[in-house]
Structure formats: structure tokens, C-alpha cells
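**Q** Input structure: structure12.tsv, which contains TSV, N, CA, C and O atoms.
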```tsv
chain	number	residue	atom	x	y	z
A	4	MET	N	14.97	-0.71	0.56
A	4	MET	CA	13.77	-1.50	0.60
A	4	MET	C	13.91	-2.62	-0.42
A	4	MET	O	14.36	-2.39	-1.53
A	5	ASP	N	13.52	-3.81	-0.03
A	5	ASP	CA	13.58	-4.96	-0.92
A	5	ASP	C	12.20	-5.13	-1.57
A	5	ASP	O	11.25	-5.53	-0.90
A	6	PRO	N	12.06	-4.82	-2.86
A	6	PRO	CA	10.77	-4.90	-3.54
A	6	PRO	C	10.11	-6.28	-3.44
A	6	PRO	O	8.89	-6.37	-3.44
A	7	SER	N	10.90	-7.33	-3.31
A	7	SER	CA	10.33	-8.67	-3.25
A	7	SER	C	9.59	-8.92	-1.93
A	7	SER	O	8.83	-9.88	-1.82
A	8	THR	N	9.78	-8.06	-0.92
A	8	THR	CA	9.11	-8.24	0.36
A	8	THR	C	7.80	-7.46	0.46
A	8	THR	O	7.09	-7.58	1.44
A	9	LEU	N	7.51	-6.65	-0.54
A	9	LEU	CA	6.32	-5.81	-0.52
A	9	LEU	C	5.06	-6.66	-0.58
A	9	LEU	O	4.89	-7.47	-1.50
A	10	GLU	N	4.19	-6.50	0.41
A	10	GLU	CA	2.94	-7.25	0.48
A	10	GLU	C	1.79	-6.28	0.70
A	10	GLU	O	1.93	-5.29	1.40
A	11	ALA	N	0.64	-6.61	0.12
A	11	ALA	CA	-0.58	-5.83	0.34
A	11	ALA	C	-1.70	-6.81	0.65
A	11	ALA	O	-1.79	-7.87	0.05
A	12	GLU	N	-2.53	-6.43	1.61
A	12	GLU	CA	-3.65	-7.27	2.01
A	12	GLU	C	-4.86	-6.36	2.24
A	12	GLU	O	-4.72	-5.25	2.75
A	13	VAL	N	-6.03	-6.83	1.84
A	13	VAL	CA	-7.26	-6.07	2.02
A	13	VAL	C	-8.00	-6.60	3.24
A	13	VAL	O	-8.15	-7.81	3.41
A	14	ASP	N	-8.43	-5.66	4.10
A	14	ASP	CA	-9.24	-6.00	5.27
A	14	ASP	C	-10.41	-5.02	5.31
A	14	ASP	O	-10.29	-3.93	5.87
A	15	GLY	N	-11.50	-5.37	4.64
A	15	GLY	CA	-12.66	-4.48	4.57
A	15	GLY	C	-12.31	-3.23	3.77
A	15	GLY	O	-11.94	-3.32	2.60
A	16	ASP	N	-12.41	-2.05	4.41
A	16	ASP	CA	-12.08	-0.80	3.72
A	16	ASP	C	-10.66	-0.33	4.05
A	16	ASP	O	-10.34	0.84	3.96
A	17	THR	N	-9.81	-1.29	4.43
A	17	THR	CA	-8.43	-0.98	4.80
A	17	THR	C	-7.46	-1.78	3.94
A	17	THR	O	-7.66	-2.96	3.69
A	18	LEU	N	-6.42	-1.10	3.48
A	18	LEU	CA	-5.35	-1.74	2.72
A	18	LEU	C	-4.13	-1.82	3.65
A	18	LEU	O	-3.67	-0.79	4.17
A	19	LEU	N	-3.65	-3.02	3.91
A	19	LEU	CA	-2.50	-3.23	4.77
A	19	LEU	C	-1.25	-3.39	3.91
A	19	LEU	O	-1.23	-4.21	2.99
A	20	LEU	N	-0.22	-2.62	4.20
A	20	LEU	CA	1.04	-2.67	3.44
A	20	LEU	C	2.17	-3.10	4.36
A	20	LEU	O	2.31	-2.58	5.46
A	21	LYS	N	2.98	-4.04	3.89
A	21	LYS	CA	4.15	-4.49	4.63
A	21	LYS	C	5.33	-4.63	3.69
A	21	LYS	O	5.17	-5.07	2.55
A	22	ALA	N	6.51	-4.25	4.17
A	22	ALA	CA	7.75	-4.40	3.40
A	22	ALA	C	8.92	-4.26	4.36
A	22	ALA	O	8.78	-3.73	5.45
A	23	ARG	N	10.08	-4.72	3.91
A	23	ARG	CA	11.28	-4.57	4.73
A	23	ARG	C	12.51	-4.54	3.81
A	23	ARG	O	12.43	-4.88	2.65
A	24	GLY	N	13.58	-4.13	4.38
A	24	GLY	CA	14.81	-4.07	3.60
A	24	GLY	C	15.91	-3.41	4.39
A	24	GLY	O	15.82	-3.25	5.60
A	25	GLU	N	16.94	-3.00	3.68
A	25	GLU	CA	18.09	-2.35	4.30
A	25	GLU	C	18.39	-1.06	3.55
A	25	GLU	O	18.26	-1.00	2.34
A	26	THR	N	18.78	-0.03	4.31
A	26	THR	CA	19.16	1.23	3.70
A	26	THR	C	20.67	1.42	3.73
A	26	THR	O	21.18	2.40	3.22
A	27	GLY	N	21.36	0.49	4.33
A	27	GLY	CA	22.81	0.55	4.43
A	27	GLY	C	23.30	-0.72	5.12
A	27	GLY	O	22.50	-1.57	5.50
A	28	PRO	N	24.61	-0.84	5.30
A	28	PRO	CA	25.15	-2.06	5.88
A	28	PRO	C	24.70	-2.33	7.32
A	28	PRO	O	24.64	-3.45	7.76
A	29	HIS	N	24.32	-1.29	8.06
A	29	HIS	CA	23.93	-1.47	9.45
A	29	HIS	C	22.57	-0.85	9.74
A	29	HIS	O	22.26	-0.55	10.90
A	30	SER	N	21.78	-0.64	8.71
A	30	SER	CA	20.50	0.04	8.89
A	30	SER	C	19.38	-0.72	8.19
A	30	SER	O	19.43	-0.91	6.97
A	31	ARG	N	18.40	-1.13	8.96
A	31	ARG	CA	17.26	-1.86	8.40
A	31	ARG	C	16.01	-0.99	8.45
A	31	ARG	O	15.89	-0.14	9.32
A	32	VAL	N	15.09	-1.25	7.54
A	32	VAL	CA	13.84	-0.51	7.50
A	32	VAL	C	12.68	-1.51	7.40
A	32	VAL	O	12.82	-2.56	6.79
A	33	SER	N	11.58	-1.17	8.06
A	33	SER	CA	10.41	-2.02	8.03
A	33	SER	C	9.18	-1.12	7.87
A	33	SER	O	9.06	-0.09	8.54
A	34	VAL	N	8.29	-1.51	6.99
A	34	VAL	CA	7.04	-0.76	6.76
A	34	VAL	C	5.89	-1.66	7.15
A	34	VAL	O	5.82	-2.81	6.73
A	35	ASN	N	5.00	-1.13	7.97
A	35	ASN	CA	3.79	-1.84	8.38
A	35	ASN	C	2.71	-0.78	8.53
A	35	ASN	O	2.56	-0.19	9.59
A	36	GLU	N	1.99	-0.50	7.45
A	36	GLU	CA	1.03	0.60	7.42
A	36	GLU	C	-0.38	0.13	7.10
A	36	GLU	O	-0.57	-0.82	6.34
A	37	ARG	N	-1.35	0.83	7.65
A	37	ARG	CA	-2.77	0.59	7.37
A	37	ARG	C	-3.33	1.84	6.70
A	37	ARG	O	-3.27	2.92	7.29
A	38	LEU	N	-3.84	1.69	5.50
A	38	LEU	CA	-4.48	2.80	4.79
A	38	LEU	C	-5.98	2.56	4.82
A	38	LEU	O	-6.49	1.70	4.11
A	39	GLN	N	-6.68	3.30	5.69
A	39	GLN	CA	-8.12	3.11	5.79
A	39	GLN	C	-8.82	4.08	4.85
A	39	GLN	O	-8.59	5.29	4.90
A	40	LEU	N	-9.65	3.54	3.99
A	40	LEU	CA	-10.38	4.33	2.99
A	40	LEU	C	-11.87	4.17	3.30
A	40	LEU	O	-12.53	3.27	2.79
A	41	LYS	N	-12.37	5.02	4.17
A	41	LYS	CA	-13.76	4.91	4.63
A	41	LYS	C	-14.72	4.93	3.45
A	41	LYS	O	-14.63	5.77	2.56
A	42	GLY	N	-15.61	3.96	3.43
A	42	GLY	CA	-16.62	3.88	2.38
A	42	GLY	C	-16.12	3.24	1.10
A	42	GLY	O	-16.83	3.21	0.10
A	43	ALA	N	-14.88	2.75	1.11
A	43	ALA	CA	-14.32	2.15	-0.10
A	43	ALA	C	-15.07	0.87	-0.44
A	43	ALA	O	-15.60	0.19	0.43
A	44	GLY	N	-15.11	0.57	-1.71
A	44	GLY	CA	-15.73	-0.65	-2.18
A	44	GLY	C	-14.71	-1.77	-2.22
A	44	GLY	O	-13.96	-1.99	-1.27
A	45	ASP	N	-14.64	-2.46	-3.33
A	45	ASP	CA	-13.76	-3.61	-3.50
A	45	ASP	C	-12.31	-3.16	-3.72
A	45	ASP	O	-11.95	-2.73	-4.81
A	46	LEU	N	-11.50	-3.28	-2.68
A	46	LEU	CA	-10.09	-2.88	-2.79
A	46	LEU	C	-9.21	-4.00	-3.34
A	46	LEU	O	-8.01	-3.81	-3.49
A	47	SER	N	-9.80	-5.14	-3.67
A	47	SER	CA	-8.98	-6.26	-4.15
A	47	SER	C	-8.32	-5.95	-5.49
A	47	SER	O	-7.36	-6.60	-5.87
A	48	GLN	N	-8.79	-4.94	-6.20
A	48	GLN	CA	-8.19	-4.55	-7.48
A	48	GLN	C	-7.06	-3.54	-7.31
A	48	GLN	O	-6.44	-3.13	-8.28
A	49	ALA	N	-6.80	-3.12	-6.07
A	49	ALA	CA	-5.71	-2.18	-5.82
A	49	ALA	C	-4.38	-2.86	-6.11
A	49	ALA	O	-4.23	-4.07	-5.91
A	50	SER	N	-3.42	-2.10	-6.59
A	50	SER	CA	-2.09	-2.66	-6.85
A	50	SER	C	-1.04	-1.87	-6.06
A	50	SER	O	-1.20	-0.68	-5.82
A	51	VAL	N	0.00	-2.57	-5.68
A	51	VAL	CA	1.08	-1.96	-4.93
A	51	VAL	C	2.39	-2.34	-5.61
A	51	VAL	O	2.59	-3.50	-5.97
A	52	ALA	N	3.26	-1.36	-5.80
A	52	ALA	CA	4.55	-1.61	-6.46
A	52	ALA	C	5.62	-0.74	-5.80
A	52	ALA	O	5.30	0.23	-5.10
A	53	TYR	N	6.85	-1.10	-6.02
A	53	TYR	CA	7.99	-0.31	-5.56
A	53	TYR	C	8.67	0.24	-6.80
A	53	TYR	O	9.24	-0.51	-7.59
A	54	GLU	N	8.54	1.56	-7.01
A	54	GLU	CA	9.06	2.19	-8.22
A	54	GLU	C	9.94	3.38	-7.87
A	54	GLU	O	9.52	4.27	-7.14
A	55	GLU	N	11.15	3.38	-8.39
A	55	GLU	CA	12.09	4.50	-8.22
A	55	GLU	C	12.23	4.93	-6.76
A	55	GLU	O	12.19	6.11	-6.43
A	56	GLY	N	12.33	3.94	-5.87
A	56	GLY	CA	12.55	4.24	-4.47
A	56	GLY	C	11.30	4.61	-3.68
A	56	GLY	O	11.40	5.06	-2.55
A	57	LYS	N	10.12	4.41	-4.28
A	57	LYS	CA	8.87	4.77	-3.61
A	57	LYS	C	7.88	3.63	-3.67
A	57	LYS	O	7.82	2.90	-4.66
A	58	ILE	N	7.07	3.50	-2.62
A	58	ILE	CA	5.96	2.55	-2.65
A	58	ILE	C	4.80	3.27	-3.33
A	58	ILE	O	4.40	4.36	-2.92
A	59	VAL	N	4.27	2.66	-4.38
A	59	VAL	CA	3.19	3.27	-5.17
A	59	VAL	C	1.95	2.41	-5.03
A	59	VAL	O	1.98	1.21	-5.29
A	60	VAL	N	0.85	3.04	-4.58
A	60	VAL	CA	-0.43	2.36	-4.43
A	60	VAL	C	-1.38	2.92	-5.48
A	60	VAL	O	-1.56	4.14	-5.57
A	61	ARG	N	-1.97	2.03	-6.25
A	61	ARG	CA	-2.96	2.44	-7.26
A	61	ARG	C	-4.29	1.79	-6.92
A	61	ARG	O	-4.36	0.57	-6.76
A	62	ILE	N	-5.31	2.62	-6.79
A	62	ILE	CA	-6.64	2.15	-6.43
A	62	ILE	C	-7.60	2.55	-7.55
A	62	ILE	O	-7.69	3.74	-7.87
A	63	PRO	N	-8.32	1.58	-8.13
A	63	PRO	CA	-9.26	1.93	-9.20
A	63	PRO	C	-10.33	2.89	-8.68
A	63	PRO	O	-10.79	2.77	-7.54
A	64	ARG	N	-10.71	3.81	-9.51
A	64	ARG	CA	-11.73	4.78	-9.16
A	64	ARG	C	-13.01	4.09	-8.71
A	64	ARG	O	-13.72	4.56	-7.82
A	65	SER	N	-13.31	2.94	-9.32
A	65	SER	CA	-14.55	2.22	-8.98
A	65	SER	C	-14.55	1.71	-7.54
A	65	SER	O	-15.61	1.41	-6.99
A	66	ALA	N	-13.39	1.62	-6.90
A	66	ALA	CA	-13.31	1.14	-5.52
A	66	ALA	C	-13.51	2.26	-4.51
A	66	ALA	O	-13.70	2.01	-3.33
A	67	LEU	N	-13.45	3.50	-4.97
A	67	LEU	CA	-13.57	4.64	-4.08
A	67	LEU	C	-15.03	5.06	-3.95
A	67	LEU	O	-15.82	4.88	-4.87
A	68	PRO	N	-15.39	5.66	-2.79
A	68	PRO	CA	-16.78	6.12	-2.64
A	68	PRO	C	-17.09	7.18	-3.68
A	68	PRO	O	-16.24	8.00	-4.02
A	69	SER	N	-18.31	7.16	-4.17
A	69	SER	CA	-18.68	8.15	-5.19
A	69	SER	C	-18.79	9.53	-4.56
A	69	SER	O	-19.24	9.67	-3.43
A	70	GLN	N	-18.31	10.51	-5.30
A	70	GLN	CA	-18.35	11.90	-4.85
A	70	GLN	C	-19.56	12.58	-5.47
A	70	GLN	O	-19.84	12.40	-6.64
A	71	PRO	N	-20.25	13.41	-4.69
A	71	PRO	CA	-21.39	14.13	-5.27
A	71	PRO	C	-20.93	15.13	-6.32
A	71	PRO	O	-19.87	15.73	-6.19
A	72	MET	N	-21.69	15.22	-7.37
A	72	MET	CA	-21.36	16.19	-8.45
A	72	MET	C	-21.73	17.58	-7.94
A	72	MET	O	-22.77	17.78	-7.36
A	73	GLY	N	-20.84	18.53	-8.14
A	73	GLY	CA	-21.11	19.86	-7.60
A	73	GLY	C	-20.89	20.90	-8.53
A	73	GLY	O	-20.59	21.54	-9.25
```
Please express what this file holds, its structure, as C-alpha cells.

**A**
Amino acid sequence: MDPSTLEAEVDGDTLLLKARGETGPHSRVSVNERLQLKGAGDLSQASVAYEEGKIVVRIPRSALPSQPMG
């Protein structure tokens, strides 16, 4: 995966992730995922990074729907 191709876009309560790269000389990989977070607030503060071979998504607690105290 090429970290420089990693893109994130917010569409309402959905975070769109795109990336591409190569896993070998004849093998390409493409990521095009939608993470829908029903009831989410402002996802514009979410961050996306490529760390140690993994795509890492961090979403501030304030963007998530509040959970009832139980």
C-alpha cells in the first residue's frame, strides 16, 4: 500500500476511504471502503493514517453518538 495515496472523505455519517498500491511486482491492491457510523456527528475531525502495514482510523469520541449511561 502506498501511504501517499490514502484519502478520506466525509459524506454525512459516512467516512469514505480510498488507497492503492502494490504488494509485489505483479500484484496491485486497491481500497475503496465506506464506513457508515449511524448517528455520528461531525466526522471532519476523524484522522486516517497508514501505520505498520495497517490503515488506522481515529474518530474523536465527540463525533460518536452518545451512549446511555447504564

**Q** If you run DSSP over the backbone, which residues in chain A end up strand (DSSP E or B)? Put them as a ChimeraX atom specification.

**A** /A:10-14,17-27,30-39,50-54,57-61

**Q** What does the distance between atom O of Ser69 of chain A and atom N of Ala11 of chain A come to in Å, to one decimal place?

**A** 25.9 Å

**Q** In Å, rounded to a single decimal, give me how far atom CA of Met4 of chain A is from atom CA of Ser30 of chain A.

**A**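 Computing it gives 10.8 Å between the two atoms.
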
**Q** For segment 42-46 of chain A, list every protein, DNA or RNA residue within 5 Å, evaluated using all atoms listed in the file, and leave out those in the same chain fewer than 4 positions away; present the list as a list in words.

**A**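 Once the adjacent positions are removed, what remains is Gly15, Asp16, Ala66, Leu67 and Pro68 of chain A.
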
**Q** So how far away is atom N of Val60 of chain A from atom N of Glu25 of chain A, in Å?

**A**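 For atom N of Glu25 of chain A relative to atom N of Val60 of chain A, the distance reads 19.1 Å.
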
**Q** Of the candidates A:Ala22, A:Ala52, A:Val13, A:Val59, which shows the shortest atom-to-atom distance to Leu40 of chain A, using only C-alpha atoms?

**A**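 Going through A:Ala22, A:Ala52, A:Val13, A:Val59 one by one, the smallest distance to Leu40 of chain A is for A:Val13.
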